Every structure is written in C-alpha cells, then in structure tokens.
>>> print(open('structure-v6.pdb').read())   # PDB, C-alpha atoms
ATOM      1  CA  GLU X 562    -129.137 -16.257 -26.200
ATOM      2  CA  ILE X 563    -129.960 -16.110 -22.490
ATOM      3  CA  ASN X 564    -128.242 -16.532 -19.167
ATOM      4  CA  THR X 565    -131.282 -16.088 -16.944
ATOM      5  CA  SER X 566    -134.101 -18.266 -15.671
ATOM      6  CA  PRO X 567    -136.674 -19.237 -18.330
ATOM      7  CA  SER X 568    -139.398 -18.200 -15.907
ATOM      8  CA  ASN X 569    -138.305 -14.597 -16.497
ATOM      9  CA  LEU X 570    -139.166 -14.799 -20.211
ATOM     10  CA  THR X 571    -142.472 -14.393 -21.992
ATOM     11  CA  THR X 572    -143.713 -17.167 -24.273
ATOM     12  CA  GLU X 573    -142.915 -14.994 -27.302
ATOM     13  CA  ASN X 574    -139.347 -14.401 -26.132
ATOM     14  CA  ARG X 575    -138.814 -18.096 -25.432
ATOM     15  CA  SER X 576    -139.510 -18.936 -29.059
ATOM     16  CA  CYS X 577    -136.639 -16.627 -30.105
ATOM     17  CA  VAL X 578    -133.975 -18.260 -27.924
ATOM     18  CA  THR X 579    -131.349 -20.408 -29.680
ATOM     19  CA  LYS X 580    -128.805 -20.791 -26.870
ATOM     20  CA  VAL X 581    -129.046 -21.225 -23.097
ATOM     21  CA  LEU X 582    -125.830 -20.545 -21.182
ATOM     22  CA  LYS X 583    -124.789 -22.030 -17.875
ATOM     23  CA  CYS X 584    -126.854 -20.283 -15.212
ATOM     24  CA  TYR X 585    -128.485 -23.042 -13.188
ATOM     25  CA  LYS X 586    -125.899 -24.005 -10.573
ATOM     26  CA  GLY X 587    -127.788 -25.530  -7.674
ATOM     27  CA  LYS X 588    -131.158 -24.738  -9.231
ATOM     28  CA  THR X 589    -133.928 -27.202 -10.038
ATOM     29  CA  LEU X 590    -135.082 -27.700 -13.625
ATOM     30  CA  GLY X 591    -138.628 -28.900 -13.162
ATOM     31  CA  THR X 592    -141.403 -30.012 -15.476
ATOM     32  CA  ASN X 593    -141.772 -28.173 -18.821
ATOM     33  CA  VAL X 594    -138.942 -25.726 -18.067
ATOM     34  CA  PHE X 595    -137.775 -25.470 -21.711
ATOM     35  CA  ARG X 596    -140.891 -26.864 -23.368
ATOM     36  CA  GLU X 597    -141.661 -23.698 -25.342
ATOM     37  CA  PHE X 598    -138.079 -23.139 -26.558
ATOM     38  CA  VAL X 599    -138.853 -24.388 -30.063
ATOM     39  CA  ASN X 600    -135.747 -22.838 -31.675
ATOM     40  CA  LEU X 601    -133.264 -23.811 -28.974
ATOM     41  CA  GLU X 602    -130.083 -25.313 -30.487
ATOM     42  CA  TYR X 603    -127.617 -25.381 -27.562
ATOM     43  CA  ALA X 604    -128.077 -25.612 -23.787
ATOM     44  CA  ASP X 605    -125.706 -25.800 -20.830
ATOM     45  CA  ILE X 606    -127.459 -27.111 -17.713
ATOM     46  CA  SER X 607    -124.315 -27.994 -15.744
ATOM     47  CA  ASP X 608    -124.603 -28.169 -11.936
ATOM     48  CA  CYS X 609    -128.407 -28.141 -11.994
ATOM     49  CA  ILE X 610    -130.930 -30.550 -10.470
ATOM     50  CA  LEU X 611    -133.292 -32.447 -12.794
ATOM     51  CA  ASP X 612    -136.557 -33.048 -10.989
ATOM     52  CA  GLY X 613    -139.586 -33.421 -13.246
ATOM     53  CA  GLY X 614    -140.582 -34.305 -16.792
ATOM     54  CA  TYR X 615    -140.827 -32.799 -20.280
ATOM     55  CA  GLN X 616    -137.929 -30.389 -19.649
ATOM     56  CA  PHE X 617    -136.919 -30.304 -23.336
ATOM     57  CA  TYR X 618    -140.089 -31.711 -24.862
ATOM     58  CA  GLY X 619    -140.605 -30.117 -28.265
ATOM     59  CA  SER X 620    -137.109 -28.588 -28.376
ATOM     60  CA  ASN X 621    -136.504 -30.471 -31.593
ATOM     61  CA  ARG X 622    -133.699 -28.209 -32.855
ATOM     62  CA  LEU X 623    -131.531 -28.758 -29.795
ATOM     63  CA  THR X 624    -128.450 -30.713 -30.909
ATOM     64  CA  THR X 625    -125.943 -30.034 -28.104
ATOM     65  CA  LEU X 626    -126.652 -30.506 -24.396
ATOM     66  CA  ILE X 627    -123.836 -29.687 -21.950
ATOM     67  CA  ALA X 628    -124.584 -31.262 -18.588
ATOM     68  CA  TYR X 629    -121.666 -31.594 -16.162
ATOM     69  CA  ASN X 630    -122.274 -32.483 -12.505
ATOM     70  CA  VAL X 631    -126.046 -32.724 -12.847
ATOM     71  CA  THR X 632    -128.067 -34.264 -10.024
ATOM     72  CA  VAL X 633    -130.992 -36.374 -11.247
ATOM     73  CA  ASN X 634    -133.839 -36.833  -8.772
ATOM     74  CA  TRP X 635    -136.316 -38.073 -11.364
ATOM     75  CA  VAL X 636    -137.241 -37.601 -15.016
ATOM     76  CA  ASN X 637    -139.841 -39.122 -17.323
ATOM     77  CA  ASN X 638    -139.279 -40.704 -20.732
ATOM     78  CA  SER X 639    -140.119 -37.433 -22.526
ATOM     79  CA  TRP X 640    -137.686 -35.115 -20.725
ATOM     80  CA  SER X 641    -134.880 -35.361 -23.275
ATOM     81  CA  PRO X 642    -134.116 -33.358 -26.432
ATOM     82  CA  LYS X 643    -134.830 -36.154 -28.866
ATOM     83  CA  ASN X 644    -132.634 -34.800 -31.671
ATOM     84  CA  ALA X 645    -129.538 -34.075 -29.586
ATOM     85  CA  THR X 646    -126.472 -35.613 -31.202
ATOM     86  CA  SER X 647    -124.122 -34.520 -28.432
ATOM     87  CA  LEU X 648    -124.627 -35.077 -24.697
ATOM     88  CA  ILE X 649    -121.524 -33.864 -22.843
ATOM     89  CA  GLY X 650    -120.888 -34.501 -19.154
ATOM     90  CA  ALA X 651    -123.295 -37.356 -18.438
ATOM     91  CA  ASN X 652    -120.434 -39.376 -16.965
ATOM     92  CA  THR X 653    -120.312 -36.895 -14.049
ATOM     93  CA  TRP X 654    -123.978 -37.139 -13.032
ATOM     94  CA  LYS X 655    -125.181 -37.946  -9.525
ATOM     95  CA  VAL X 656    -128.241 -40.116 -10.039
ATOM     96  CA  ASN X 657    -130.898 -40.754  -7.401
ATOM     97  CA  SER X 658    -133.368 -42.195  -9.918
ATOM     98  CA  ALA X 659    -132.181 -43.826 -13.144
ATOM     99  CA  SER X 660    -135.563 -44.651 -14.659
ATOM    100  CA  CYS X 661    -135.881 -43.045 -18.118
ATOM    101  CA  LEU X 662    -132.451 -41.444 -17.637
ATOM    102  CA  PHE X 663    -131.465 -41.474 -21.322
ATOM    103  CA  ALA X 664    -134.833 -42.440 -22.808
ATOM    104  CA  ASN X 665    -135.656 -41.074 -26.258
ATOM    105  CA  PHE X 666    -132.290 -39.457 -26.946
ATOM    106  CA  ASN X 667    -133.009 -40.604 -30.483
ATOM    107  CA  LYS X 668    -129.853 -39.280 -32.183
ATOM    108  CA  LEU X 669    -127.142 -40.315 -29.701
ATOM    109  CA  LYS X 670    -124.849 -43.035 -31.067
ATOM    110  CA  THR X 671    -122.563 -43.641 -28.087
ATOM    111  CA  ILE X 672    -122.577 -42.795 -24.400
ATOM    112  CA  ASP X 673    -120.100 -43.342 -21.556
ATOM    113  CA  VAL X 674    -121.868 -43.992 -18.239
ATOM    114  CA  SER X 675    -118.947 -45.592 -16.395
ATOM    115  CA  GLY X 676    -118.617 -42.734 -13.901
ATOM    116  CA  ILE X 677    -122.288 -42.536 -12.912
ATOM    117  CA  ASP X 678    -123.067 -43.632  -9.348
ATOM    118  CA  ILE X 679    -126.404 -45.473  -9.293
ATOM    119  CA  SER X 680    -125.855 -47.190  -5.940
ATOM    120  CA  LYS X 681    -128.969 -45.508  -4.469
ATOM    121  CA  CYS X 682    -131.229 -46.461  -7.375
ATOM    122  CA  THR X 683    -133.835 -49.197  -7.134
ATOM    123  CA  SER X 684    -135.146 -49.006 -10.711
ATOM    124  CA  LEU X 685    -133.449 -48.913 -14.093
ATOM    125  CA  GLU X 686    -136.742 -49.172 -15.951
ATOM    126  CA  GLN X 687    -136.571 -47.585 -19.418
ATOM    127  CA  THR X 688    -133.092 -46.174 -18.725
ATOM    128  CA  PHE X 689    -132.200 -46.270 -22.449
ATOM    129  CA  TYR X 690    -135.745 -46.757 -23.743
ATOM    130  CA  MET X 691    -136.112 -45.963 -27.466
ATOM    131  CA  THR X 692    -132.662 -44.380 -27.720
ATOM    132  CA  SER X 693    -133.013 -45.602 -31.230
ATOM    133  CA  SER X 694    -129.670 -44.614 -32.822
ATOM    134  CA  LEU X 695    -127.531 -45.842 -29.920
ATOM    135  CA  GLU X 696    -124.721 -48.181 -30.983
ATOM    136  CA  GLU X 697    -122.576 -48.388 -27.848
ATOM    137  CA  ILE X 698    -123.057 -47.990 -24.091
ATOM    138  CA  ILE X 699    -119.754 -47.807 -22.210
ATOM    139  CA  GLY X 700    -119.470 -48.716 -18.551
ATOM    140  CA  ILE X 701    -122.721 -50.377 -17.439
ATOM    141  CA  GLU X 702    -120.595 -53.183 -16.014
ATOM    142  CA  ASN X 703    -119.093 -50.638 -13.587
ATOM    143  CA  TRP X 704    -122.474 -49.815 -12.026
ATOM    144  CA  ASP X 705    -123.277 -50.874  -8.462
ATOM    145  CA  THR X 706    -126.607 -52.648  -8.999
ATOM    146  CA  SER X 707    -126.968 -54.076  -5.494
ATOM    147  CA  ASN X 708    -130.144 -52.086  -4.726
ATOM    148  CA  VAL X 709    -131.708 -52.288  -8.192
ATOM    149  CA  THR X 710    -134.818 -54.471  -8.469
ATOM    150  CA  THR X 711    -135.959 -53.813 -12.046
ATOM    151  CA  PHE X 712    -134.370 -53.529 -15.473
ATOM    152  CA  ASP X 713    -137.755 -53.672 -17.217
ATOM    153  CA  GLN X 714    -137.610 -52.253 -20.789
ATOM    154  CA  PHE X 715    -134.019 -51.266 -19.998
ATOM    155  CA  ILE X 716    -132.808 -50.821 -23.588
ATOM    156  CA  MET X 717    -136.059 -51.626 -25.360
ATOM    157  CA  GLY X 718    -136.182 -50.239 -28.889
ATOM    158  CA  CYS X 719    -132.421 -49.825 -29.419
ATOM    159  CA  PRO X 720    -131.931 -51.694 -32.718
ATOM    160  CA  TYR X 721    -128.228 -50.872 -33.197
ATOM    161  CA  ILE X 722    -126.830 -52.094 -29.870
ATOM    162  CA  THR X 723    -124.797 -55.263 -30.459
ATOM    163  CA  THR X 724    -123.196 -55.995 -27.066
ATOM    164  CA  ILE X 725    -124.066 -55.238 -23.458
ATOM    165  CA  ARG X 726    -122.322 -56.126 -20.197
ATOM    166  CA  PHE X 727    -123.650 -56.264 -16.641
ATOM    167  CA  ASN X 728    -122.346 -56.748 -13.114
ATOM    168  CA  LEU X 729    -125.443 -57.905 -11.232
ATOM    169  CA  THR X 730    -125.258 -58.113  -7.445
ATOM    170  CA  GLY X 731    -127.597 -57.856  -4.480
ATOM    171  CA  LYS X 732    -131.364 -58.105  -4.808
ATOM    172  CA  LEU X 733    -133.267 -60.108  -7.428
ATOM    173  CA  LYS X 734    -133.989 -58.062 -10.547
ATOM    174  CA  THR X 735    -136.798 -58.247 -13.093
ATOM    175  CA  PHE X 736    -135.865 -58.024 -16.781
ATOM    176  CA  SER X 737    -139.292 -57.883 -18.416
ATOM    177  CA  GLN X 738    -138.885 -56.806 -22.072
ATOM    178  CA  ALA X 739    -135.414 -55.548 -21.170
ATOM    179  CA  PHE X 740    -133.987 -56.126 -24.675
ATOM    180  CA  ARG X 741    -137.193 -56.152 -26.704
ATOM    181  CA  SER X 742    -136.776 -54.907 -30.293
ATOM    182  CA  CYS X 743    -132.985 -54.775 -30.076
ATOM    183  CA  SER X 744    -132.711 -56.400 -33.474
ATOM    184  CA  LYS X 745    -128.888 -56.359 -33.737
ATOM    185  CA  LEU X 746    -128.133 -57.368 -30.142
ATOM    186  CA  ASP X 747    -125.791 -60.338 -30.421
ATOM    187  CA  SER X 748    -124.059 -60.796 -27.040
ATOM    188  CA  VAL X 749    -125.105 -60.241 -23.422
ATOM    189  CA  TYR X 750    -122.563 -60.695 -20.642
ATOM    190  CA  GLY X 751    -123.051 -60.933 -16.890
ATOM    191  CA  LEU X 752    -126.641 -62.133 -16.499
ATOM    192  CA  ASN X 753    -126.714 -64.450 -13.478
ATOM    193  CA  ASP X 754    -128.930 -65.862 -10.724
ATOM    194  CA  ARG X 755    -129.952 -62.331  -9.701
ATOM    195  CA  VAL X 756    -132.304 -62.277 -12.724
ATOM    196  CA  SER X 757    -136.037 -62.956 -12.318
ATOM    197  CA  ASN X 758    -139.136 -62.409 -14.488
ATOM    198  CA  CYS X 759    -137.747 -62.683 -17.994
ATOM    199  CA  TYR X 760    -141.058 -61.973 -19.758
ATOM    200  CA  GLN X 761    -140.284 -61.239 -23.423
ATOM    201  CA  ILE X 762    -136.721 -60.409 -22.414
ATOM    202  CA  PHE X 763    -135.387 -60.959 -25.949
ATOM    203  CA  ALA X 764    -138.574 -60.479 -27.988
ATOM    204  CA  PHE X 765    -137.770 -59.325 -31.533
ATOM    205  CA  SER X 766    -134.042 -59.493 -30.758
ATOM    206  CA  SER X 767    -131.353 -61.752 -32.164
ATOM    207  CA  VAL X 768    -129.112 -62.715 -29.234
ATOM    208  CA  ASN X 769    -126.667 -65.502 -30.065
ATOM    209  CA  TYR X 770    -124.464 -65.455 -26.956
ATOM    210  CA  LEU X 771    -125.361 -65.339 -23.267
ATOM    211  CA  ASP X 772    -122.621 -65.357 -20.651
ATOM    212  CA  SER X 773    -123.050 -66.858 -17.157
ATOM    213  CA  TYR X 774    -126.774 -67.468 -17.343
ATOM    214  CA  ASP X 775    -129.038 -70.237 -18.604
ATOM    215  CA  LEU X 776    -132.509 -69.081 -19.503
TER     216      LEU X 776
END
>>> encode(input="structure-v6.pdb", output="structure tokens")
Amino acid sequence: EINTSPSNLTTENRSCVTKVLKCYKGKTLGTNVFREFVNLEYADISDCILDGGYQFYGSNRLTTLIAYNVTVNWVNNSWSPKNATSLIGANTWKVNSASCLFANFNKLKTIDVSGIDISKCTSLEQTFYMTSSLEEIIGIENWDTSNVTTFDQFIMGCPYITTIRFNLTGKLKTFSQAFRSCSKLDSVYGLNDRVSNCYQIFAFSSVNYLDSYDL
C-alpha cells in the first residue's frame, strides 16, 4: 500500500504494491506511470490529470479504480486497467480529449457518462473501443457534440450493447466503423443529417431500428 508518487519507488517495490491511495491531487499521471505495478488491485487517482498512455498497462489484477474529478488531456487505447470491474467517479471527469477514453475496459458492464462535459472535444474516436463486456452506456444523449467531427470506431467491438442514443449537433461527423462488431446492437436513436462517412458503420452488427436517419 502506498500514498506517494510511483517515481519514488524502485521496480522491485512496485511489484509488491497492491493498493494506491489518493495522493495525486493536481498532479499529472503520464505515460507508463503504473505499468510495473503487476500486483495492483485497487487505485484511487481522484483529482489527478491524465496526460499520456499505458498508465495501467499490465496491471491485470486491478479491479477497482476510484477516479473522481479527473481531468483528461489525452490517453491512448491501452491506458486502462483492462480487468477493472468497477470504475467509480467517471461521471465527474473534465474531458479535453475523449478519444480512447474508456477503451479496453474489458470487464465493465455499465457506465454513466451523463455528467461528463465533452464540449471542447473534437474527436470521439475509439471512446468505448473494445470495452467488450459493456452492456449499457448511460447519458451519451446528454453530451454536447457541437464541436465533435469524428465518431470513428466509437463503440467498435462491444458485442453486448443493445441500444445507444445520440444528440448530434454542430459540425458534420464521420462514423466510420462506429458500431462494427456490435453483434447485439438493435436500436440506434438520434442519428441525423450531421452524419457523414458511414464506411462499415454497422459491419458485423444487427441493427433493426434507426431513429431520425435514413442511410
């Protein structure tokens, strides 16, 4: 158990850590910050700034991530603890870049994003990419998408999602492979004339109902 910066620990000590307590208020968690924490089971990164990739790459025992009031500047699609079953506080995040935001959270089944402000974001590429156990996303229809220009591979590889709702405004948005391999996706609401480039938008999916849009 630690409540200090990981940079203060040797590689050997990092492998012994099972719990990281809240100690990052206002601090930046950059690339690879917890990459060698192979036995980490619990982490509280509340009030930190995510700015980089691979933060929890290889932390395969991490099941609980507490993350209130996190600022996200950018992450890659391998930043997440892929076996985390509990992500607490995401609804309070301030997001400057939403690409790959929840990508590869492979064990999450539901997530509430209704309180996230994405009004400054231009890309939602791979936001939920390969979040392969996800069954429900709450609140996407509350997002201000006026500045977003791409939803490419948005929920690609999420076979258990059945319904998704949008509120698309502002600039034209590409949806290339946005719902590819979402095999149980049945209903999509809110697609409209803001949609462009639908390349393989529903490839290997089974959508039966589209609201407000004629492909």
>>> residues_around(input="structure-v6.pdb", residues="Ser742 (chain X)", least_positions_apart="2", cutoff="10 Å", atoms="only C-alpha atoms", output="list of chain:residue names")
X:Met691, X:Gln714, X:Ile716, X:Met717, X:Gly718, X:Cys719, X:Pro720, X:Tyr721, X:Gln738, X:Ala739, X:Phe740, X:Ser744, X:Lys745, X:Leu746, X:Gln761, X:Ile762, X:Phe763, X:Ala764, X:Phe765, X:Ser766, X:Ser767
>>> resolve_selection(input="structure-v6.pdb", expression="the PyMOL selection byres ((chain X and resi 646) around 10)", output="list of chain:residue names")
X:Leu623, X:Thr624, X:Thr625, X:Leu626, X:Pro642, X:Lys643, X:Asn644, X:Ala645, X:Ser647, X:Leu648, X:Ile649, X:Phe666, X:Asn667, X:Lys668, X:Leu669, X:Lys670, X:Thr671, X:Ser694
>>> residues_near_point(input="structure-v6.pdb", point="(-125.5, -45.1, -6.0)", cutoff="10 Å", atoms="all atoms listed in the file", output="PyMOL selection string")
chain X and resi 655-659+677-683+704-709
>>> closest_residue(input="structure-v6.pdb", among="X:Tyr770, X:Tyr750, X:Tyr690, X:Phe617", to="Ala664 (chain X)", atoms="all atoms listed in the file")
X:Tyr690
>>> atom_distance(input="structure-v6.pdb", atom1="CA of Tyr618 (chain X)", atom2="CA of Leu601 (chain X)")
11.2 Å
>>> atom_distance(input="structure-v6.pdb", atom1="CA of Leu752 (chain X)", atom2="CA of Glu697 (chain X)")
18.3 Å
>>> residues_around(input="structure-v6.pdb", residues="Thr632 (chain X)", least_positions_apart="4", cutoff="10 Å", atoms="all atoms listed in the file", output="number ranges by chain")
X: 587, 589, 607-612, 628, 653-658
>>> resolve_selection(input="structure-v6.pdb", expression="the PyMOL selection byres ((chain X and resi 636) around 6)", output="list in words")
Gly613, Gly614, Trp635 and Asn637 of chain X
>>> write_last_selection(input="structure-v6.pdb", atoms="C-alpha atoms", output="CSV table (one decimal), keeping the file's coordinate frame")
chain,number,residue,atom,x,y,z
X,613,GLY,CA,-139.6,-33.4,-13.2
X,614,GLY,CA,-140.6,-34.3,-16.8
X,635,TRP,CA,-136.3,-38.1,-11.4
X,637,ASN,CA,-139.8,-39.1,-17.3
>>> residues_around(input="structure-v6.pdb", residues="Thr724 (chain X)", least_positions_apart="3", cutoff="7 Å", atoms="all atoms listed in the file", output="MDAnalysis selection string")
chainID X and resid 746:749
>>> atom_distance(input="structure-v6.pdb", atom1="CA of Tyr603 (chain X)", atom2="CA of Lys588 (chain X)")
18.7 Å
